[in-house]
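K.L.:
Below: one structure in structure tokens.
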Amino acid sequence: MIQFEQFVLDNGLRVVVHEDHSTPMAVVNVLYDVGARDEDPSKTGFAHLFEHLMFGGSVHIPSYDEPLQRAGGENNAYTTNDLTNYYCQLPAENIETAFWLESDRMLSLAFGEKSLETQRKVVCEEFKEHYLNKPYGDAWHKMRALAYRKHPYRWMTIGAELSHIENATLDDVKQFFFKHYRPVNAILTVAGHVSTKQVVELAEKWFGDIPSGEKYIRHLPGEPVQTQHHQLDIHANVPVDAFYKAWHTCPRLDTHYYAMDLTTEILSGGGSSRLFQSLVKERQIFSNIGCYHFGSIDAGLVAIEGKLVQGVKMEEAEAAVDAELRKITDSPVQEKELEKVKNKTESIIAFEDMSLISRAGSLSFYTLLGDTNMINEELKRYQKVTARDLQEEAAAIFSADNSNTIYYYGNHK
Amino acid sequence: MPNRQSAPEIKDAIAYNLELKPYRHFTLDNGVAVYAIDAGAEEVALVELVFKAGNWYETQNLVASATNHLLKNGTSRKTAFEINEHFEYYGSYLNRHCYHETASITLHSLTKHLHQTLPVIQELITDAVMPEEELEIYRQNMKQKLRVNLEKCDFVANRLIDEYLYGIDHPYGKYSSTFAYDALQADQLRSFYKDFYANGHCAIFVAGKLPGNIEEMMNENFGHLPLNQTPLPEVMHAVNAAEERRYRIKNDPDGIQGAIRLARHFPGRLHPDYNKSQVLNTLFGGYFGSRLMSNIREEKGYTYGIYSYMQNHVQQTAWMISTEAGTEVCEAAIAEVYKEMRELCETPVPEEELLLVKNYLIGTLLGDLDGPFQIIARWKNMILNGLGEDYFSRSIRDFKEVTSEEIRELANKYLQPEAYYELVVI
């Protein structure tokens, strides 16, 4: 059971406090309700570029990192298609430094031309390092564009193309900031060796006078139900053929989410999972294979990807995957197998909750979803899933019309 | 209105008295040492068995890592599938890792399931059979993985820089190849297993919320095995460092980034310069605010990230600088690294920057000790590397005491561009 308290400042900033006095540290986590899905299709990659700019100095403080490091702290941030999250950890006695830094950059950035110019280059190098200069690095760009036709999940957080980042202007940056980086669109979570009383005082003091901003109401184009299979062939300079297939699935808050999550565990949650045992070990069609989903807030994707053993034909590999999927849609899983994936979920949650940073992040995320206490209720929801739920869920997901396939051919002889 | 112009008061992190929670030590009936940290709020535990079974002891390339990998791929009573299913049914994770001197089996488990998972670990270290067909699958899949990795400039660069530092025949310098995978024989693996696991040398580390009878549990499962009975073979490997210092490799004709590695030998962790050099390293390239990161990422935008670090082995240490940068700016990035080295040699570090780095180092150490697994990892490092029980407190003291003048002396001793191997793989 993870204890927490919460309150809202007059300007709309939601605050969550989680006391843990077994550590000398404190974590300050600021989540902004903006991700790559909120970008203009002609300016993709912006939410993530913006995350970089948040370290380029704020209105009263030229550098974010230096004072934090001086206070014995460290920090990081990440951007997803759904949200942008910043967190720092420092000795609890220095917690006010984190409030000072985080509130100043919520008040206003410095908007320096130099910072933008440098971070454009840095993000372009990140783009190259992770997506362009890596074998198969473009596969998920192409899969998103294949599976989504309307919803902004059709591009990656890094952006659809380098030029969108290269062309970002300071005006774009300012607009984006004042639209999304306002108290009313943010969640502040403070965890560790702190008291709620102290956090109330500090939050009022540092964040209380920041103008509320306008609540950002999302009007994203919904993705129409896919009614026809999509297929794409890629030929690239890679040594091994790879197979990718993705299906649309439910949003994060849908009651089907838990059965969907467990389905992916049954298929590829470890050395005794179905796809690994059947297709890597017994039939030796794939040298590795995985099944996972993105956990995205809007309707997401379930995906299977694997590399083919040399000499195996793409069609043969796909037929083998389909045969495994028919097993899970045609007959219920055994109780023991269901118990296995539930036990595994129980331990994943326990291991995640060991880290203070992870607890603070989860509390923020569930608050964004609308119910902070989900952190204590998720396991129960997993435990309620029945073999029949799983079978129905698998059947709903793994239909041919709902699928998107990429044959990624290498240049081997 | 708060005063946003000036920073709130801070307590310098160096004022903290950092202590590592002491471990409990006990010895099993067969002489195997167990080190335990009982702490934490979650009902979870980690059990790690460390064997002297790294590639130091193999007589043919990849035998140690293949043996380690196949430990859980079949016993005379269970198939690989049944072994995996057993651990996964109890929501636990069984991993194995092969290093240079040591190789380990690591269990992460809910505490309540230890009595079901530990007996199967015992089975793995007494009765693994290394089936031919499992070796075949491993060989095929590892060769394929290697073919993909060889397309990546960072992977290739990491292999080559180790080869230059230690020589291709040294355990720290050698690497995998299709040829070496093809040459593996199940019998070699079985023989290595017999000598270095079943009858090998082992130490055990446990941490988490431990059951009250942890001592009996460990003795019951591991105390009667023929471990630590025969002396370990004395194996020596000579370092054969490359003569040539400068390398430019074209691995991918279409590459748009180069992997840069600069490295030199450095005296090990017990050398009096080591801890203070850690502070210099942090300042130079060891954290986000470092000289290298500030200049080469934040000022020039040449890279997504650049780091320097000490790459520690039991017997050797190297000081390494590592980054990936656009092909057209690789040479400029290297020139900037050398410029930063010279700067540290010539100009004493401002007191304010030095204090910041010390606070950062101590503050992150304080944060790193978050939970029992992190605490046991620190102890394990000290014990396996023979660093001495007071190593942690000595390092903290050195971090706090090092002066700006000492930093400059160390820079002059170790940050000399001509001492570095210099590699770019595109």
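Following the order of the structure tokens, first chain is A, next is B, and so on, with residues numbered from 1 inside each chain and ligands from 1 in the order they appear.
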Excluding Phe51 in chain B and any residue of its chain fewer than 2 positions from it, enumerate the residues within 12 Å of it, using only C-alpha atoms, and give them as a PyMOL selection string.
P.N.:
chain B and resi 32-33+48-49+53-57+64+68+96-106+125+192-193+195-205+227-228+232+384
K.L.:
Report as a PyMOL selection string the set of chain A residues whose atoms approach chain B to within 6 Å, with distances computed over only C-alpha atoms.
P.N.:
chain A and resi 60+69-70+72-73+94+97+118+121-122+125-126+271-272+287+340+343-344+347
K.L.:
Would you write out those residues with N, CA and C atoms, as a compact mmCIF listing (two decimals), in the first residue's frame?
P.N.:
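Result file again_7.txt:
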# COMPACT_ATOMS: atom_id res chain seq x y z
N HIS A 60 14.70 33.51 -14.33
CA HIS A 60 15.61 34.06 -13.32
C HIS A 60 16.89 33.25 -13.12
N GLN A 69 22.92 20.29 -9.11
CA GLN A 69 24.08 19.45 -8.84
C GLN A 69 24.82 19.95 -7.59
N ARG A 70 24.87 21.27 -7.44
CA ARG A 70 25.52 21.84 -6.25
C ARG A 70 24.79 21.39 -4.99
N GLY A 72 23.59 18.57 -4.59
CA GLY A 72 23.72 17.11 -4.46
C GLY A 72 22.64 16.36 -5.19
N GLY A 73 22.04 17.00 -6.20
CA GLY A 73 20.93 16.36 -6.89
C GLY A 73 21.27 15.95 -8.29
N ASN A 94 17.72 19.67 1.02
CA ASN A 94 17.89 20.69 -0.01
C ASN A 94 16.68 20.80 -0.93
N THR A 97 15.65 23.85 -3.15
CA THR A 97 16.34 24.12 -4.41
C THR A 97 15.52 23.58 -5.59
N THR A 118 21.47 25.18 -30.34
CA THR A 118 22.24 24.01 -29.92
C THR A 118 21.35 22.78 -29.80
N LYS A 121 20.49 20.92 -32.87
CA LYS A 121 21.59 20.04 -33.33
C LYS A 121 21.67 18.78 -32.48
N VAL A 122 21.55 18.94 -31.15
CA VAL A 122 21.65 17.78 -30.26
C VAL A 122 20.55 16.78 -30.58
N GLU A 125 21.24 14.88 -33.66
CA GLU A 125 22.20 13.79 -33.42
C GLU A 125 21.52 12.62 -32.71
N GLU A 126 20.60 12.93 -31.79
CA GLU A 126 19.85 11.87 -31.11
C GLU A 126 19.03 11.07 -32.13
N GLY A 271 11.13 -16.94 -20.87
CA GLY A 271 11.63 -18.16 -21.50
C GLY A 271 10.58 -19.26 -21.63
N SER A 272 9.49 -19.17 -20.84
CA SER A 272 8.46 -20.20 -20.99
C SER A 272 7.23 -19.67 -21.72
N SER A 287 15.03 -16.09 -34.61
CA SER A 287 16.16 -16.12 -33.67
C SER A 287 15.80 -15.36 -32.40
N LYS A 340 0.57 -17.93 -13.68
CA LYS A 340 1.96 -17.54 -13.91
C LYS A 340 2.07 -16.07 -14.28
N ASN A 343 1.22 -13.87 -11.30
CA ASN A 343 2.32 -13.82 -10.31
C ASN A 343 3.43 -12.90 -10.79
N LYS A 344 3.69 -12.99 -12.08
CA LYS A 344 4.75 -12.17 -12.63
C LYS A 344 4.40 -10.69 -12.52
N SER A 347 5.03 -9.47 -9.08
CA SER A 347 6.42 -9.13 -8.73
C SER A 347 6.93 -7.93 -9.52
K.L.:
Go through A:His18, A:Lys179, A:Lys142, A:Arg252 one by one, measure the shortest atom-to-atom distance of each to Leu368 in chain A using only C-alpha atoms, and give the residue with the smallest value.
P.N.:
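For Leu368 in chain A, the nearest of the given residues is A:Arg252.
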K.L.:
Which residues come within 9 Å of range 186-198 of chain A, counting only C-alpha atoms, excluding same-chain residues fewer than 6 positions away, as JSON, numbers by chain?
P.N.:
{"A": [4, 5, 6, 12, 13, 14, 15, 16, 17, 18, 19, 20, 21, 22, 23, 24, 25, 26, 27, 28, 29, 30, 31, 32, 33, 91, 92, 93, 95, 180, 356, 357, 359, 360, 361, 363, 364, 365, 367, 368]}
K.L.:
So that I can check the surroundings of Thr79 in chain A, please list as a list in words every protein, DNA and RNA residue that reaches within 9 Å of it, counting only C-alpha atoms and ignoring chain neighbours fewer than 2 positions away.
P.N.:
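So the residues in contact are Val34, Gly35, Ala36, Ala47, His48, Glu51, Ala77, Asn81, Asp82, Leu83, Thr84, Asn85, Tyr86, Thr157 and Ile158 of chain A.
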K.L.:
Could you dump the residues just selected with N, CA and C atoms as a CSV table (one decimal), in the first residue's frame?
P.N.:
chain,number,residue,atom,x,y,z
A,34,VAL,N,1.3,17.0,-21.9
A,34,VAL,CA,1.6,17.3,-23.3
A,34,VAL,C,2.6,16.3,-23.8
A,35,GLY,N,2.2,15.7,-25.0
A,35,GLY,CA,3.2,14.8,-25.6
A,35,GLY,C,3.2,14.9,-27.1
A,36,ALA,N,3.8,14.0,-27.8
A,36,ALA,CA,3.9,14.1,-29.2
A,36,ALA,C,2.5,14.1,-29.9
A,47,ALA,N,7.4,18.4,-28.9
A,47,ALA,CA,7.3,18.1,-27.5
A,47,ALA,C,8.6,17.7,-26.9
A,48,HIS,N,9.3,16.8,-27.7
A,48,HIS,CA,10.6,16.3,-27.2
A,48,HIS,C,11.7,17.3,-27.3
A,51,GLU,N,11.4,19.5,-24.4
A,51,GLU,CA,12.0,18.9,-23.2
A,51,GLU,C,13.5,19.3,-23.1
A,77,ALA,N,14.6,13.6,-17.7
A,77,ALA,CA,13.3,13.8,-18.2
A,77,ALA,C,13.0,12.9,-19.4
A,81,ASN,N,4.5,9.8,-26.4
A,81,ASN,CA,3.5,10.3,-27.2
A,81,ASN,C,2.4,11.0,-26.4
A,82,ASP,N,2.3,10.7,-25.1
A,82,ASP,CA,1.2,11.2,-24.3
A,82,ASP,C,1.6,12.3,-23.4
A,83,LEU,N,2.8,12.3,-22.8
A,83,LEU,CA,3.2,13.3,-21.8
A,83,LEU,C,4.6,13.6,-21.7
A,84,THR,N,5.0,14.6,-20.9
A,84,THR,CA,6.4,15.0,-20.7
A,84,THR,C,6.6,15.0,-19.2
A,85,ASN,N,7.7,14.3,-18.8
A,85,ASN,CA,7.9,14.1,-17.4
A,85,ASN,C,9.3,14.5,-17.0
A,86,TYR,N,9.4,15.3,-15.9
A,86,TYR,CA,10.7,15.8,-15.4
A,86,TYR,C,10.9,15.4,-14.0
A,157,THR,N,7.8,10.1,-31.1
A,157,THR,CA,8.1,11.3,-30.3
A,157,THR,C,9.3,12.1,-30.8
A,158,ILE,N,10.3,11.4,-31.4
A,158,ILE,CA,11.5,12.1,-31.9
A,158,ILE,C,11.1,12.9,-33.1
K.L.:
Counting only C-alpha atoms, what is within 10 Å of Ala186 in chain B, bar same-chain residues fewer than 6 positions away, as a PyMOL selection string?
P.N.:
chain B and resi 63+66-67+129-136+192
K.L.:
Restricting it to C-alpha atoms, dump the selection as an mmCIF file, in the first residue's frame.
P.N.:
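So result.cif came out as:
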data_model
loop_
_atom_site.group_PDB
_atom_site.id
_atom_site.type_symbol
_atom_site.label_atom_id
_atom_site.label_comp_id
_atom_site.auth_asym_id
_atom_site.auth_seq_id
_atom_site.Cartn_x
_atom_site.Cartn_y
_atom_site.Cartn_z
ATOM 1 C CA VAL B 63 33.288 -21.408 -23.701
ATOM 2 C CA ALA B 66 28.179 -20.254 -23.548
ATOM 3 C CA THR B 67 28.373 -22.445 -20.428
ATOM 4 C CA VAL B 129 23.447 -31.219 -18.891
ATOM 5 C CA MET B 130 24.161 -28.694 -21.681
ATOM 6 C CA PRO B 131 22.081 -30.434 -24.373
ATOM 7 C CA GLU B 132 23.490 -30.504 -27.930
ATOM 8 C CA GLU B 133 20.298 -29.107 -29.434
ATOM 9 C CA GLU B 134 20.248 -26.218 -26.975
ATOM 10 C CA LEU B 135 23.825 -25.377 -27.934
ATOM 11 C CA GLU B 136 22.829 -25.507 -31.613
ATOM 12 C CA PHE B 192 33.975 -26.292 -17.992
#
K.L.:
Quick one: residues within 12 Å of Ile397 in chain A, only C-alpha atoms, excluding same-chain residues fewer than 5 positions away - as JSON, numbers by chain?
P.N.:
{"A": [225, 226, 245, 246, 247, 248, 249, 250, 256, 257, 259, 260, 261, 263, 264, 293, 299, 300, 301, 302, 303, 325, 326, 328, 329, 390, 391, 392, 402, 403, 404]}
K.L.:
Extract the full set of alpha helix (DSSP H) residues from range 165-304 of chain B according to DSSP on the backbone, and format it as number ranges by chain.
P.N.:
B: 165-166, 178-183, 186-193, 214-222, 274-281, 291-292
K.L.:
Please produce a file of those selected residues containing N, CA and C atoms, as a compact mmCIF listing (two decimals), in the first residue's frame.
P.N.:
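Output contents, as saved in again.txt:
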# COMPACT_ATOMS: atom_id res chain seq x y z
N LEU B 165 43.69 -2.05 -26.09
CA LEU B 165 44.17 -1.89 -24.71
C LEU B 165 44.83 -3.16 -24.18
N TYR B 166 44.24 -4.33 -24.50
CA TYR B 166 44.66 -5.55 -23.81
C TYR B 166 45.19 -6.64 -24.74
N THR B 178 31.90 -15.42 -35.56
CA THR B 178 31.18 -16.56 -36.12
C THR B 178 32.02 -17.82 -35.98
N PHE B 179 33.29 -17.66 -36.28
CA PHE B 179 34.21 -18.79 -36.20
C PHE B 179 34.22 -19.39 -34.79
N ALA B 180 34.29 -18.52 -33.77
CA ALA B 180 34.35 -19.01 -32.39
C ALA B 180 33.05 -19.69 -31.99
N TYR B 181 31.92 -19.15 -32.44
CA TYR B 181 30.65 -19.82 -32.14
C TYR B 181 30.61 -21.20 -32.80
N ASP B 182 31.09 -21.28 -34.06
CA ASP B 182 31.07 -22.56 -34.77
C ASP B 182 31.93 -23.60 -34.07
N ALA B 183 33.00 -23.15 -33.43
CA ALA B 183 33.94 -24.10 -32.83
C ALA B 183 33.47 -24.66 -31.49
N ALA B 186 29.66 -29.16 -27.20
CA ALA B 186 28.94 -29.39 -25.95
C ALA B 186 29.84 -30.01 -24.88
N ASP B 187 30.76 -30.89 -25.30
CA ASP B 187 31.63 -31.54 -24.32
C ASP B 187 32.54 -30.54 -23.59
N GLN B 188 33.00 -29.54 -24.34
CA GLN B 188 33.83 -28.52 -23.70
C GLN B 188 33.04 -27.77 -22.63
N LEU B 189 31.80 -27.49 -22.97
CA LEU B 189 30.94 -26.77 -22.03
C LEU B 189 30.71 -27.61 -20.78
N ARG B 190 30.45 -28.89 -20.98
CA ARG B 190 30.20 -29.78 -19.84
C ARG B 190 31.42 -29.86 -18.94
N SER B 191 32.56 -29.91 -19.57
CA SER B 191 33.79 -30.02 -18.78
C SER B 191 34.05 -28.71 -18.00
N PHE B 192 33.82 -27.59 -18.66
CA PHE B 192 33.97 -26.29 -17.99
C PHE B 192 32.98 -26.19 -16.83
N TYR B 193 31.77 -26.64 -17.09
CA TYR B 193 30.72 -26.62 -16.06
C TYR B 193 31.13 -27.43 -14.83
N ILE B 214 16.91 -17.49 6.82
CA ILE B 214 17.69 -17.42 5.58
C ILE B 214 18.96 -18.28 5.66
N GLU B 215 19.56 -18.32 6.86
CA GLU B 215 20.79 -19.08 7.01
C GLU B 215 20.56 -20.58 6.77
N GLU B 216 19.52 -21.11 7.40
CA GLU B 216 19.18 -22.53 7.21
C GLU B 216 18.83 -22.79 5.74
N MET B 217 18.06 -21.86 5.18
CA MET B 217 17.64 -22.02 3.79
C MET B 217 18.83 -22.13 2.85
N MET B 218 19.81 -21.26 3.05
CA MET B 218 20.97 -21.26 2.17
C MET B 218 21.80 -22.53 2.40
N ASN B 219 21.91 -22.93 3.66
CA ASN B 219 22.69 -24.13 3.97
C ASN B 219 22.04 -25.38 3.39
N GLU B 220 20.73 -25.43 3.53
CA GLU B 220 19.98 -26.57 3.02
C GLU B 220 20.17 -26.72 1.50
N ASN B 221 20.15 -25.58 0.81
CA ASN B 221 20.20 -25.64 -0.65
C ASN B 221 21.62 -25.69 -1.20
N PHE B 222 22.56 -25.02 -0.53
CA PHE B 222 23.89 -24.91 -1.13
C PHE B 222 25.03 -25.39 -0.23
N TYR B 274 43.59 6.78 -7.44
CA TYR B 274 42.31 6.37 -8.06
C TYR B 274 41.11 7.21 -7.62
N ASN B 275 40.87 7.29 -6.32
CA ASN B 275 39.65 7.96 -5.87
C ASN B 275 39.62 9.44 -6.24
N LYS B 276 40.76 10.07 -6.09
CA LYS B 276 40.80 11.49 -6.42
C LYS B 276 40.64 11.69 -7.93
N SER B 277 41.17 10.73 -8.68
CA SER B 277 40.96 10.81 -10.13
C SER B 277 39.50 10.64 -10.51
N GLN B 278 38.73 9.95 -9.66
CA GLN B 278 37.30 9.83 -9.91
C GLN B 278 36.64 11.20 -9.88
N VAL B 279 37.11 12.03 -8.98
CA VAL B 279 36.56 13.39 -8.91
C VAL B 279 36.95 14.16 -10.18
N LEU B 280 38.22 14.01 -10.57
CA LEU B 280 38.65 14.64 -11.82
C LEU B 280 37.83 14.12 -12.99
N ASN B 281 37.59 12.81 -13.02
CA ASN B 281 36.81 12.23 -14.11
C ASN B 281 35.39 12.80 -14.15
N ARG B 291 32.74 19.12 -18.13
CA ARG B 291 33.40 19.96 -19.14
C ARG B 291 33.09 19.43 -20.56
N LEU B 292 33.22 18.12 -20.74
CA LEU B 292 33.00 17.56 -22.07
C LEU B 292 31.56 17.77 -22.53
K.L.:
Report the distance between CA of Ala396 in chain A and CA of Val321 in chain A in Å, rounded to one decimal place.
P.N.:
16.5 Å
K.L.:
Distance CA of Asp353 in chain A-CA of Glu204 in chain A, one decimal place?
P.N.:
28.4 Å
K.L.:
How many Å lie between CA of Thr227 in chain A and CA of Arg274 in chain A, rounded to one decimal?
P.N.:
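Result for CA of Thr227 in chain A versus CA of Arg274 in chain A: 27.7 Å, one decimal.
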K.L.:
Using only C-alpha atoms, determine which residues lie at most 7 Å from Val424 in chain B, disregarding the query and same-chain residues fewer than 3 positions distant; provide the list as a list in words.
P.N.:
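Answer for this query is Tyr247, Arg248, Ile249, Gly258, Ala259, Ile260 and Arg261 of chain B.
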K.L.:
Taking C-alpha atoms for each residue, export the selection above as a PDB file, in the first residue's frame.
P.N.:
ATOM      1  CA  TYR B 247      42.646   4.303 -35.767  1.00  0.00           C
ATOM      2  CA  ARG B 248      39.994   5.348 -38.269  1.00  0.00           C
ATOM      3  CA  ILE B 249      37.667   2.518 -39.325  1.00  0.00           C
ATOM      4  CA  GLY B 258      30.983   7.872 -35.942  1.00  0.00           C
ATOM      5  CA  ALA B 259      31.582   6.106 -32.629  1.00  0.00           C
ATOM      6  CA  ILE B 260      34.518   7.794 -30.913  1.00  0.00           C
ATOM      7  CA  ARG B 261      36.513   6.016 -28.208  1.00  0.00           C
TER       8      ARG B 261
END
K.L.:
Report the residues of range 16-224 of chain B whose backbone DSSP state falls under strand (DSSP E), written as a PyMOL selection string.
P.N.:
chain B and resi 24-27+33-38+44-51+93-98+103-110+202-208
K.L.:
Now that the selection is made, can you save its residues with N, CA and C atoms as a CSV table (one decimal), in the first residue's frame?
P.N.:
chain,number,residue,atom,x,y,z
B,24,ARG,N,25.6,-8.8,7.0
B,24,ARG,CA,25.7,-10.0,7.9
B,24,ARG,C,26.5,-11.1,7.1
B,25,HIS,N,27.4,-11.7,7.7
B,25,HIS,CA,28.2,-12.7,7.1
B,25,HIS,C,28.0,-14.0,7.7
B,26,PHE,N,27.8,-15.1,7.0
B,26,PHE,CA,27.9,-16.4,7.5
B,26,PHE,C,28.5,-17.4,6.5
B,27,THR,N,28.9,-18.5,7.1
B,27,THR,CA,29.6,-19.5,6.2
B,27,THR,C,28.8,-20.8,6.2
B,33,ALA,N,31.0,-18.7,1.5
B,33,ALA,CA,30.6,-17.5,2.2
B,33,ALA,C,29.3,-16.8,1.7
B,34,VAL,N,28.5,-16.4,2.7
B,34,VAL,CA,27.3,-15.7,2.3
B,34,VAL,C,27.3,-14.3,2.9
B,35,TYR,N,27.0,-13.3,2.1
B,35,TYR,CA,26.9,-11.9,2.6
B,35,TYR,C,25.4,-11.5,2.4
B,36,ALA,N,24.9,-10.9,3.5
B,36,ALA,CA,23.4,-10.6,3.5
B,36,ALA,C,23.1,-9.2,4.0
B,37,ILE,N,22.2,-8.6,3.2
B,37,ILE,CA,21.6,-7.3,3.7
B,37,ILE,C,20.1,-7.5,3.8
B,38,ASP,N,19.7,-7.4,5.1
B,38,ASP,CA,18.3,-7.5,5.3
B,38,ASP,C,17.7,-6.1,5.5
B,44,VAL,N,10.5,-8.5,-1.3
B,44,VAL,CA,11.3,-9.1,-2.4
B,44,VAL,C,12.7,-9.4,-1.9
B,45,ALA,N,13.3,-10.3,-2.7
B,45,ALA,CA,14.7,-10.7,-2.4
B,45,ALA,C,15.5,-10.9,-3.6
B,46,LEU,N,16.8,-10.7,-3.4
B,46,LEU,CA,17.8,-11.0,-4.5
B,46,LEU,C,18.8,-12.1,-4.0
B,47,VAL,N,19.0,-13.1,-4.8
B,47,VAL,CA,20.1,-14.0,-4.4
B,47,VAL,C,21.0,-14.2,-5.6
B,48,GLU,N,22.3,-13.9,-5.3
B,48,GLU,CA,23.2,-14.0,-6.4
B,48,GLU,C,24.4,-14.9,-6.1
B,49,LEU,N,24.6,-15.9,-6.9
B,49,LEU,CA,25.7,-16.8,-6.7
B,49,LEU,C,26.8,-16.4,-7.7
B,50,VAL,N,27.9,-16.1,-7.2
B,50,VAL,CA,29.0,-15.7,-8.0
B,50,VAL,C,30.1,-16.8,-8.1
B,51,PHE,N,30.4,-17.3,-9.3
B,51,PHE,CA,31.4,-18.3,-9.4
B,51,PHE,C,32.6,-17.7,-10.1
B,93,TYR,N,12.7,-13.9,-11.5
B,93,TYR,CA,13.6,-13.8,-12.7
B,93,TYR,C,14.9,-14.4,-12.4
B,94,LEU,N,15.3,-15.3,-13.3
B,94,LEU,CA,16.6,-15.9,-13.1
B,94,LEU,C,17.5,-15.5,-14.3
B,95,ASN,N,18.5,-14.7,-13.9
B,95,ASN,CA,19.4,-14.2,-15.0
B,95,ASN,C,20.8,-14.8,-14.7
B,96,ARG,N,21.6,-14.9,-15.8
B,96,ARG,CA,23.0,-15.2,-15.6
B,96,ARG,C,23.8,-14.3,-16.4
B,97,HIS,N,25.0,-14.1,-15.9
B,97,HIS,CA,25.9,-13.1,-16.6
B,97,HIS,C,27.3,-13.7,-16.5
B,98,CYS,N,28.0,-13.5,-17.6
B,98,CYS,CA,29.4,-14.0,-17.6
B,98,CYS,C,30.3,-12.7,-17.7
B,103,ALA,N,31.4,-15.3,-13.1
B,103,ALA,CA,30.1,-15.5,-13.8
B,103,ALA,C,29.1,-15.7,-12.7
B,104,SER,N,27.9,-15.3,-13.0
B,104,SER,CA,26.9,-15.3,-11.9
B,104,SER,C,25.6,-15.9,-12.3
B,105,ILE,N,24.8,-16.3,-11.3
B,105,ILE,CA,23.4,-16.6,-11.5
B,105,ILE,C,22.7,-15.7,-10.5
B,106,THR,N,21.7,-15.0,-11.0
B,106,THR,CA,21.0,-14.0,-10.1
B,106,THR,C,19.5,-14.3,-10.1
B,107,LEU,N,19.0,-14.4,-8.9
B,107,LEU,CA,17.5,-14.6,-8.8
B,107,LEU,C,16.9,-13.4,-8.2
B,108,HIS,N,15.8,-12.8,-8.8
B,108,HIS,CA,15.0,-11.8,-8.2
B,108,HIS,C,13.7,-12.5,-7.9
B,109,SER,N,13.2,-12.5,-6.7
B,109,SER,CA,12.0,-13.3,-6.3
B,109,SER,C,11.2,-12.6,-5.2
B,110,LEU,N,10.0,-12.8,-5.2
B,110,LEU,CA,9.2,-12.4,-4.0
B,110,LEU,C,9.7,-13.3,-2.9
B,202,CYS,N,32.6,-20.5,-5.2
B,202,CYS,CA,31.4,-19.7,-5.2
B,202,CYS,C,31.3,-18.8,-4.0
B,203,ALA,N,30.7,-17.6,-4.1
B,203,ALA,CA,30.3,-16.8,-3.0
B,203,ALA,C,28.9,-16.3,-3.3
B,204,ILE,N,28.1,-16.1,-2.2
B,204,ILE,CA,26.7,-15.8,-2.4
B,204,ILE,C,26.4,-14.5,-1.7
B,205,PHE,N,25.6,-13.7,-2.4
B,205,PHE,CA,25.1,-12.4,-1.9
B,205,PHE,C,23.6,-12.4,-1.9
B,206,VAL,N,23.0,-12.1,-0.8
B,206,VAL,CA,21.5,-12.0,-0.7
B,206,VAL,C,21.1,-10.7,-0.1
B,207,ALA,N,20.0,-10.2,-0.6
B,207,ALA,CA,19.5,-8.9,-0.1
B,207,ALA,C,18.0,-8.8,-0.3
B,208,GLY,N,17.4,-7.9,0.6
B,208,GLY,CA,16.0,-7.7,0.5
B,208,GLY,C,15.3,-7.9,1.8
